[in-house]
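Reproduced below: entry_4.cif, with mmCIF, C-alpha atoms.
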```
data_run
#
loop_
_atom_site.group_PDB
_atom_site.id
_atom_site.type_symbol
_atom_site.label_atom_id
_atom_site.label_comp_id
_atom_site.auth_asym_id
_atom_site.auth_seq_id
_atom_site.Cartn_x
_atom_site.Cartn_y
_atom_site.Cartn_z
ATOM 1 C CA MET K 1 29.513 -6.237 -2.003
ATOM 2 C CA PRO K 2 30.498 -4.420 1.206
ATOM 3 C CA SER K 3 32.762 -6.017 3.766
ATOM 4 C CA GLN K 4 31.352 -7.325 7.051
ATOM 5 C CA ALA K 5 32.685 -4.220 8.842
ATOM 6 C CA GLN K 6 30.787 -2.020 6.403
ATOM 7 C CA ASP K 7 27.655 -4.172 6.843
ATOM 8 C CA ASP K 8 27.657 -3.437 10.556
ATOM 9 C CA GLU K 9 28.020 0.309 10.022
ATOM 10 C CA ALA K 10 25.775 1.384 7.167
ATOM 11 C CA PRO K 11 23.199 0.240 4.638
ATOM 12 C CA TYR K 12 24.358 -0.805 1.218
ATOM 13 C CA ARG K 13 22.709 -0.322 -2.133
ATOM 14 C CA CYS K 14 21.516 -3.063 -4.437
ATOM 15 C CA ALA K 15 20.263 -2.477 -7.948
ATOM 16 C CA ARG K 16 16.551 -3.019 -8.245
ATOM 17 C CA GLU K 17 15.692 -5.823 -10.650
ATOM 18 C CA GLU K 18 11.914 -5.678 -11.157
ATOM 19 C CA HIS K 19 8.923 -3.345 -10.576
ATOM 20 C CA SER K 20 10.460 0.086 -11.381
ATOM 21 C CA GLU K 21 13.438 1.281 -13.312
ATOM 22 C CA SER K 22 16.632 2.588 -11.732
ATOM 23 C CA VAL K 23 15.436 2.454 -8.131
ATOM 24 C CA GLU K 24 17.821 1.074 -5.572
ATOM 25 C CA VAL K 25 16.984 -0.954 -2.499
ATOM 26 C CA SER K 26 18.851 -0.024 0.685
ATOM 27 C CA MET K 27 19.556 -2.949 2.985
ATOM 28 C CA TYR K 28 20.901 -3.273 6.505
ATOM 29 C CA PRO K 29 22.454 -6.443 7.849
ATOM 30 C CA THR K 30 20.031 -8.680 9.700
ATOM 31 C CA ARG K 31 19.952 -12.127 11.191
ATOM 32 C CA ASN K 32 16.667 -12.824 9.410
ATOM 33 C CA ASP K 33 17.152 -16.258 7.853
ATOM 34 C CA LEU K 34 15.551 -15.468 4.490
ATOM 35 C CA ALA K 35 18.108 -15.357 1.695
ATOM 36 C CA GLU K 36 19.433 -11.870 1.050
ATOM 37 C CA SER K 37 18.440 -12.061 -2.616
ATOM 38 C CA ALA K 38 14.858 -12.832 -1.567
ATOM 39 C CA ARG K 39 14.840 -10.083 1.063
ATOM 40 C CA ILE K 40 15.988 -7.529 -1.522
ATOM 41 C CA LYS K 41 13.128 -8.490 -3.855
ATOM 42 C CA LEU K 42 10.661 -8.520 -0.962
ATOM 43 C CA VAL K 43 11.715 -5.035 0.181
ATOM 44 C CA GLU K 44 11.344 -3.874 -3.392
ATOM 45 C CA LEU K 45 7.792 -5.166 -3.704
ATOM 46 C CA LEU K 46 6.886 -3.945 -0.210
ATOM 47 C CA ASN K 47 8.061 -0.437 -1.116
ATOM 48 C CA ALA K 48 6.082 -0.564 -4.363
ATOM 49 C CA ARG K 49 2.914 -1.385 -2.432
ATOM 50 C CA LEU K 50 3.837 1.140 0.273
ATOM 51 C CA ALA K 51 3.776 3.891 -2.360
ATOM 52 C CA ASP K 52 0.365 2.672 -3.496
ATOM 53 C CA ALA K 53 -0.953 2.457 0.077
ATOM 54 C CA ILE K 54 0.164 6.007 0.860
ATOM 55 C CA ASP K 55 -1.478 7.203 -2.352
ATOM 56 C CA LEU K 56 -4.648 5.302 -1.452
ATOM 57 C CA GLN K 57 -4.670 6.899 1.976
ATOM 58 C CA THR K 58 -4.469 10.397 0.524
ATOM 59 C CA GLN K 59 -7.235 9.578 -1.941
ATOM 60 C CA CYS K 60 -9.445 8.443 0.947
ATOM 61 C CA LYS K 61 -8.856 11.787 2.642
ATOM 62 C CA GLN K 62 -9.557 13.632 -0.625
ATOM 63 C CA ALA K 63 -12.976 11.952 -0.739
ATOM 64 C CA HIS K 64 -13.535 12.529 2.999
ATOM 65 C CA TRP K 65 -12.796 16.246 2.784
ATOM 66 C CA ASN K 66 -14.744 16.990 -0.370
ATOM 67 C CA VAL K 67 -17.882 14.841 -0.329
ATOM 68 C CA LYS K 68 -21.202 16.666 -0.513
ATOM 69 C CA GLY K 69 -24.829 15.724 -0.908
ATOM 70 C CA PRO K 70 -27.668 14.019 0.932
ATOM 71 C CA ASP K 71 -25.414 11.169 2.108
ATOM 72 C CA PHE K 72 -22.694 13.549 3.301
ATOM 73 C CA ILE K 73 -22.362 12.476 6.930
ATOM 74 C CA ALA K 74 -22.492 8.734 6.189
ATOM 75 C CA LEU K 75 -19.916 8.996 3.399
ATOM 76 C CA HIS K 76 -17.743 11.487 5.285
ATOM 77 C CA LYS K 77 -17.519 9.028 8.193
ATOM 78 C CA LEU K 78 -17.102 5.977 5.942
ATOM 79 C CA PHE K 79 -14.251 7.537 3.971
ATOM 80 C CA ASP K 80 -12.515 8.445 7.227
ATOM 81 C CA GLU K 81 -12.887 4.859 8.488
ATOM 82 C CA VAL K 82 -11.409 3.540 5.241
ATOM 83 C CA ASN K 83 -8.548 6.003 5.645
ATOM 84 C CA GLY K 84 -7.891 4.743 9.185
ATOM 85 C CA ALA K 85 -7.678 1.146 7.982
ATOM 86 C CA VAL K 86 -5.396 2.098 5.094
ATOM 87 C CA GLU K 87 -3.154 3.979 7.537
ATOM 88 C CA GLU K 88 -2.708 0.674 9.392
ATOM 89 C CA TYR K 89 -1.834 -1.082 6.109
ATOM 90 C CA VAL K 90 0.771 1.603 5.401
ATOM 91 C CA ASP K 91 2.375 0.919 8.768
ATOM 92 C CA LEU K 92 2.284 -2.874 8.360
ATOM 93 C CA ILE K 93 3.872 -2.736 4.911
ATOM 94 C CA ALA K 94 6.560 -0.224 5.913
ATOM 95 C CA GLU K 95 7.501 -2.088 9.069
ATOM 96 C CA ARG K 96 7.770 -5.398 7.199
ATOM 97 C CA ALA K 97 10.260 -3.843 4.761
ATOM 98 C CA VAL K 98 12.390 -2.723 7.725
ATOM 99 C CA GLN K 99 12.056 -6.117 9.463
ATOM 100 C CA LEU K 100 13.634 -7.688 6.387
ATOM 101 C CA GLY K 101 16.636 -5.345 6.634
ATOM 102 C CA GLY K 102 15.355 -2.798 4.146
ATOM 103 C CA VAL K 103 14.461 0.857 4.292
ATOM 104 C CA ALA K 104 10.823 1.886 4.039
ATOM 105 C CA ASP K 105 10.578 4.540 1.308
ATOM 106 C CA GLY K 106 7.437 6.296 2.474
ATOM 107 C CA THR K 107 7.757 10.000 1.834
ATOM 108 C CA ALA K 108 5.005 11.803 -0.040
ATOM 109 C CA ARG K 109 7.379 12.573 -2.917
ATOM 110 C CA VAL K 110 8.447 8.955 -3.272
ATOM 111 C CA ALA K 111 4.843 7.756 -3.070
ATOM 112 C CA ALA K 112 3.740 10.257 -5.718
ATOM 113 C CA LYS K 113 6.558 9.221 -8.024
ATOM 114 C CA ARG K 114 6.125 5.457 -7.583
ATOM 115 C CA SER K 115 2.398 4.905 -7.101
ATOM 116 C CA SER K 116 0.771 2.757 -9.755
ATOM 117 C CA LEU K 117 -2.769 3.660 -8.704
ATOM 118 C CA PRO K 118 -5.021 5.740 -10.944
ATOM 119 C CA GLU K 119 -5.216 9.438 -10.124
ATOM 120 C CA TYR K 120 -8.196 10.538 -8.061
ATOM 121 C CA ALA K 121 -10.231 12.288 -10.739
ATOM 122 C CA VAL K 122 -13.174 13.712 -8.792
ATOM 123 C CA ARG K 123 -12.979 17.458 -8.259
ATOM 124 C CA GLY K 124 -16.597 18.128 -7.341
ATOM 125 C CA GLY K 125 -18.457 17.036 -4.275
ATOM 126 C CA ASP K 126 -21.122 14.602 -5.493
ATOM 127 C CA GLY K 127 -21.229 11.629 -3.136
ATOM 128 C CA ARG K 128 -21.820 9.012 -5.864
ATOM 129 C CA GLU K 129 -18.850 10.302 -7.845
ATOM 130 C CA HIS K 130 -16.596 10.001 -4.795
ATOM 131 C CA VAL K 131 -17.946 6.515 -4.086
ATOM 132 C CA ALA K 132 -17.202 5.448 -7.681
ATOM 133 C CA ALA K 133 -13.709 6.976 -7.602
ATOM 134 C CA LEU K 134 -12.805 5.445 -4.257
ATOM 135 C CA SER K 135 -14.201 2.071 -5.360
ATOM 136 C CA THR K 136 -11.975 2.193 -8.426
ATOM 137 C CA VAL K 137 -8.823 2.889 -6.458
ATOM 138 C CA LEU K 138 -9.641 0.350 -3.725
ATOM 139 C CA SER K 139 -10.174 -2.284 -6.396
ATOM 140 C CA ALA K 140 -6.896 -1.420 -8.144
ATOM 141 C CA PHE K 141 -4.977 -1.581 -4.870
ATOM 142 C CA GLY K 142 -6.601 -4.900 -3.954
ATOM 143 C CA LYS K 143 -5.523 -6.414 -7.267
ATOM 144 C CA LEU K 144 -1.916 -5.282 -6.754
ATOM 145 C CA VAL K 145 -1.825 -6.613 -3.196
ATOM 146 C CA ARG K 146 -3.207 -10.003 -4.246
ATOM 147 C CA ALA K 147 -0.414 -10.342 -6.817
ATOM 148 C CA GLU K 148 2.131 -9.744 -4.047
ATOM 149 C CA ILE K 149 0.754 -12.693 -2.065
ATOM 150 C CA ASP K 150 1.905 -14.997 -4.843
ATOM 151 C CA ARG K 151 5.240 -13.195 -5.294
ATOM 152 C CA SER K 152 5.933 -13.409 -1.555
ATOM 153 C CA ASN K 153 5.199 -17.135 -1.583
ATOM 154 C CA GLU K 154 7.490 -17.591 -4.603
ATOM 155 C CA LEU K 155 10.238 -15.948 -2.513
ATOM 156 C CA SER K 156 9.520 -18.379 0.362
ATOM 157 C CA ASP K 157 8.245 -15.663 2.686
ATOM 158 C CA ALA K 158 4.984 -16.868 4.194
ATOM 159 C CA ASP K 159 5.016 -13.968 6.679
ATOM 160 C CA THR K 160 4.964 -11.285 3.981
ATOM 161 C CA ALA K 161 2.372 -13.314 2.047
ATOM 162 C CA ASP K 162 0.273 -13.428 5.222
ATOM 163 C CA LEU K 163 0.627 -9.665 5.668
ATOM 164 C CA PHE K 164 -0.559 -9.092 2.104
ATOM 165 C CA THR K 165 -3.428 -11.554 2.686
ATOM 166 C CA GLU K 166 -4.497 -9.511 5.730
ATOM 167 C CA VAL K 167 -4.343 -6.282 3.714
ATOM 168 C CA SER K 168 -6.215 -7.870 0.807
ATOM 169 C CA ARG K 169 -8.972 -9.122 3.086
ATOM 170 C CA GLY K 170 -9.330 -5.665 4.631
ATOM 171 C CA VAL K 171 -9.354 -3.864 1.289
ATOM 172 C CA ASP K 172 -12.029 -6.243 -0.001
ATOM 173 C CA LYS K 173 -14.155 -5.450 3.066
ATOM 174 C CA TRP K 174 -13.799 -1.700 2.555
ATOM 175 C CA LEU K 175 -14.495 -2.042 -1.157
ATOM 176 C CA TRP K 176 -17.721 -3.853 -0.229
ATOM 177 C CA PHE K 177 -18.696 -1.077 2.194
ATOM 178 C CA VAL K 178 -17.997 1.678 -0.338
ATOM 179 C CA GLU K 179 -19.488 -0.096 -3.361
ATOM 180 C CA ALA K 180 -22.694 -0.823 -1.493
ATOM 181 C CA HIS K 181 -23.529 2.877 -2.020
ATOM 182 C CA LEU K 182 -23.462 2.316 -5.773
ATOM 183 C CA GLN K 183 -25.390 -0.943 -5.746
ATOM 184 C CA ALA K 184 -28.527 0.331 -4.072
ATOM 185 C CA GLU K 185 -31.376 1.195 -6.402
ATOM 186 C CA ARG K 186 -32.332 4.840 -6.363
#
```
Using the file provided, produce a representation of the structure as structure tokens.
Amino acid sequence: MPSQAQDDEAPYRCAREEHSESVEVSMYPTRNDLAESARIKLVELLNARLADAIDLQTQCKQAHWNVKGPDFIALHKLFDEVNGAVEEYVDLIAERAVQLGGVADGTARVAAKRSSLPEYAVRGGDGREHVAALSTVLSAFGKLVRAEIDRSNELSDADTADLFTEVSRGVDKWLWFVEAHLQAER
């Protein structure tokens, strides 16, 4: 454990206990009253979801750029709106990690390495295929975020749980909007 003088000067490294192997959590000193052990675990789970959120954002843009077909303009705009919302979730998650004294690990390389979301498999332009692929990834992300609500509460952090509740509610709304294109009879 670093001395108080070191705490004031630089972040320190703590071994990561859960989610991924051999990843360290960098922490800065803070006057946040949550226990340091809880903050370390919270930063860890926030960074795990940050990687997923960044991946989700890029998958939204992949759909936005490549969609084709009779519903092109509607889907092109919808996918861009979903992307905009996910960009806000990325920012919320990253900033919460930093508020807790952690470092937000949000580079593209880190996100690619750590994301637990399925790969975006659509290479063509068919609108229904993009809708199905984006629905799948939105659903997977929503499930992961909901699990973090419970973990945050277990760590006595109602604020992080509330953040994940906000993200979950938003993802469910966007999943509804995107899935509606699959549910209509043709």
- request: Carefully work through the PyMOL selection byres ((chain K and resi 84-96) around 10) for this structure and note down the residues it includes, as JSON, numbers by chain.
  value: {"K": [42, 43, 45, 46, 47, 48, 49, 50, 51, 52, 53, 54, 55, 56, 57, 58, 60, 61, 78, 79, 80, 81, 82, 83, 97, 98, 99, 100, 101, 102, 103, 104, 105, 106, 138, 159, 160, 163, 164, 166, 167, 168, 170, 171, 174]}
Would you put the residues from that selection into a file with C-alpha atoms, as a PDB file, keeping the file's coordinate frame?
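For reference, selection-v1.pdb as written:
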```pdb
ATOM      1  CA  LEU K  42      10.661  -8.520  -0.962  1.00  0.00           C
ATOM      2  CA  VAL K  43      11.715  -5.035   0.181  1.00  0.00           C
ATOM      3  CA  LEU K  45       7.792  -5.166  -3.704  1.00  0.00           C
ATOM      4  CA  LEU K  46       6.886  -3.945  -0.210  1.00  0.00           C
ATOM      5  CA  ASN K  47       8.061  -0.437  -1.116  1.00  0.00           C
ATOM      6  CA  ALA K  48       6.082  -0.564  -4.363  1.00  0.00           C
ATOM      7  CA  ARG K  49       2.914  -1.385  -2.432  1.00  0.00           C
ATOM      8  CA  LEU K  50       3.837   1.140   0.273  1.00  0.00           C
ATOM      9  CA  ALA K  51       3.776   3.891  -2.360  1.00  0.00           C
ATOM     10  CA  ASP K  52       0.365   2.672  -3.496  1.00  0.00           C
ATOM     11  CA  ALA K  53      -0.953   2.457   0.077  1.00  0.00           C
ATOM     12  CA  ILE K  54       0.164   6.007   0.860  1.00  0.00           C
ATOM     13  CA  ASP K  55      -1.478   7.203  -2.352  1.00  0.00           C
ATOM     14  CA  LEU K  56      -4.648   5.302  -1.452  1.00  0.00           C
ATOM     15  CA  GLN K  57      -4.670   6.899   1.976  1.00  0.00           C
ATOM     16  CA  THR K  58      -4.469  10.397   0.524  1.00  0.00           C
ATOM     17  CA  CYS K  60      -9.445   8.443   0.947  1.00  0.00           C
ATOM     18  CA  LYS K  61      -8.856  11.787   2.642  1.00  0.00           C
ATOM     19  CA  LEU K  78     -17.102   5.977   5.942  1.00  0.00           C
ATOM     20  CA  PHE K  79     -14.251   7.537   3.971  1.00  0.00           C
ATOM     21  CA  ASP K  80     -12.515   8.445   7.227  1.00  0.00           C
ATOM     22  CA  GLU K  81     -12.887   4.859   8.488  1.00  0.00           C
ATOM     23  CA  VAL K  82     -11.409   3.540   5.241  1.00  0.00           C
ATOM     24  CA  ASN K  83      -8.548   6.003   5.645  1.00  0.00           C
ATOM     25  CA  ALA K  97      10.260  -3.843   4.761  1.00  0.00           C
ATOM     26  CA  VAL K  98      12.390  -2.723   7.725  1.00  0.00           C
ATOM     27  CA  GLN K  99      12.056  -6.117   9.463  1.00  0.00           C
ATOM     28  CA  LEU K 100      13.634  -7.688   6.387  1.00  0.00           C
ATOM     29  CA  GLY K 101      16.636  -5.345   6.634  1.00  0.00           C
ATOM     30  CA  GLY K 102      15.355  -2.798   4.146  1.00  0.00           C
ATOM     31  CA  VAL K 103      14.461   0.857   4.292  1.00  0.00           C
ATOM     32  CA  ALA K 104      10.823   1.886   4.039  1.00  0.00           C
ATOM     33  CA  ASP K 105      10.578   4.540   1.308  1.00  0.00           C
ATOM     34  CA  GLY K 106       7.437   6.296   2.474  1.00  0.00           C
ATOM     35  CA  LEU K 138      -9.641   0.350  -3.725  1.00  0.00           C
ATOM     36  CA  ASP K 159       5.016 -13.968   6.679  1.00  0.00           C
ATOM     37  CA  THR K 160       4.964 -11.285   3.981  1.00  0.00           C
ATOM     38  CA  LEU K 163       0.627  -9.665   5.668  1.00  0.00           C
ATOM     39  CA  PHE K 164      -0.559  -9.092   2.104  1.00  0.00           C
ATOM     40  CA  GLU K 166      -4.497  -9.511   5.730  1.00  0.00           C
ATOM     41  CA  VAL K 167      -4.343  -6.282   3.714  1.00  0.00           C
ATOM     42  CA  SER K 168      -6.215  -7.870   0.807  1.00  0.00           C
ATOM     43  CA  GLY K 170      -9.330  -5.665   4.631  1.00  0.00           C
ATOM     44  CA  VAL K 171      -9.354  -3.864   1.289  1.00  0.00           C
ATOM     45  CA  TRP K 174     -13.799  -1.700   2.555  1.00  0.00           C
TER      46      TRP K 174
END
```
task: To one decimal in Å, tell me the separation between CA of Leu75 (chain K) and CA of Ser139 (chain K).
output: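 Distance between the two atoms: 17.8 Å.
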Around all the atoms of region 113-124 of chain K listed in the file, with 5 Å of room on each side, what axis-aligned box do you get, giving centre and edge lengths in Å to one decimal, as JSON?
```
{"center_x": -5.0, "center_y": 10.4, "center_z": -9.0, "size_x": 33.2, "size_y": 25.4, "size_z": 13.8}
```
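The interatomic distance for the pair CA of Ile73 (chain K) and CA of Leu134 (chain K) works out to 16.3 Å.
For the file at hand, the PyMOL selection byres ((chain K and resi 37) around 12) resolves to Cys14, Ala15, Arg16, Glu17, Val25, Met27, Asp33, Leu34, Ala35, Glu36, Ala38, Arg39, Ile40, Lys41, Leu42, Val43, Glu44, Leu100, Gly101, Gly102, Leu155 and Ser156 of chain K.
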task: Run through the PyMOL selection byres ((chain K and resi 131) around 8) on the given coordinates and return the selected residues as number ranges by chain.
output: K: 127-130, 132-135, 178-179, 181-182
message: One decimal, in Å: what's the spacing between CA of Thr136 (chain K) and CA of Pro118 (chain K)?
response: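 Between CA of Thr136 (chain K) and CA of Pro118 (chain K) the gap is 8.2 Å.
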- request: Could you tell me which of K:Thr107, K:Gln59, K:Asp71, K:Val145 comes closest to Tyr120 (chain K) if we count all atoms listed in the file?
  value: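 Going through K:Thr107, K:Gln59, K:Asp71, K:Val145 one by one, the smallest distance to Tyr120 (chain K) is for K:Gln59.
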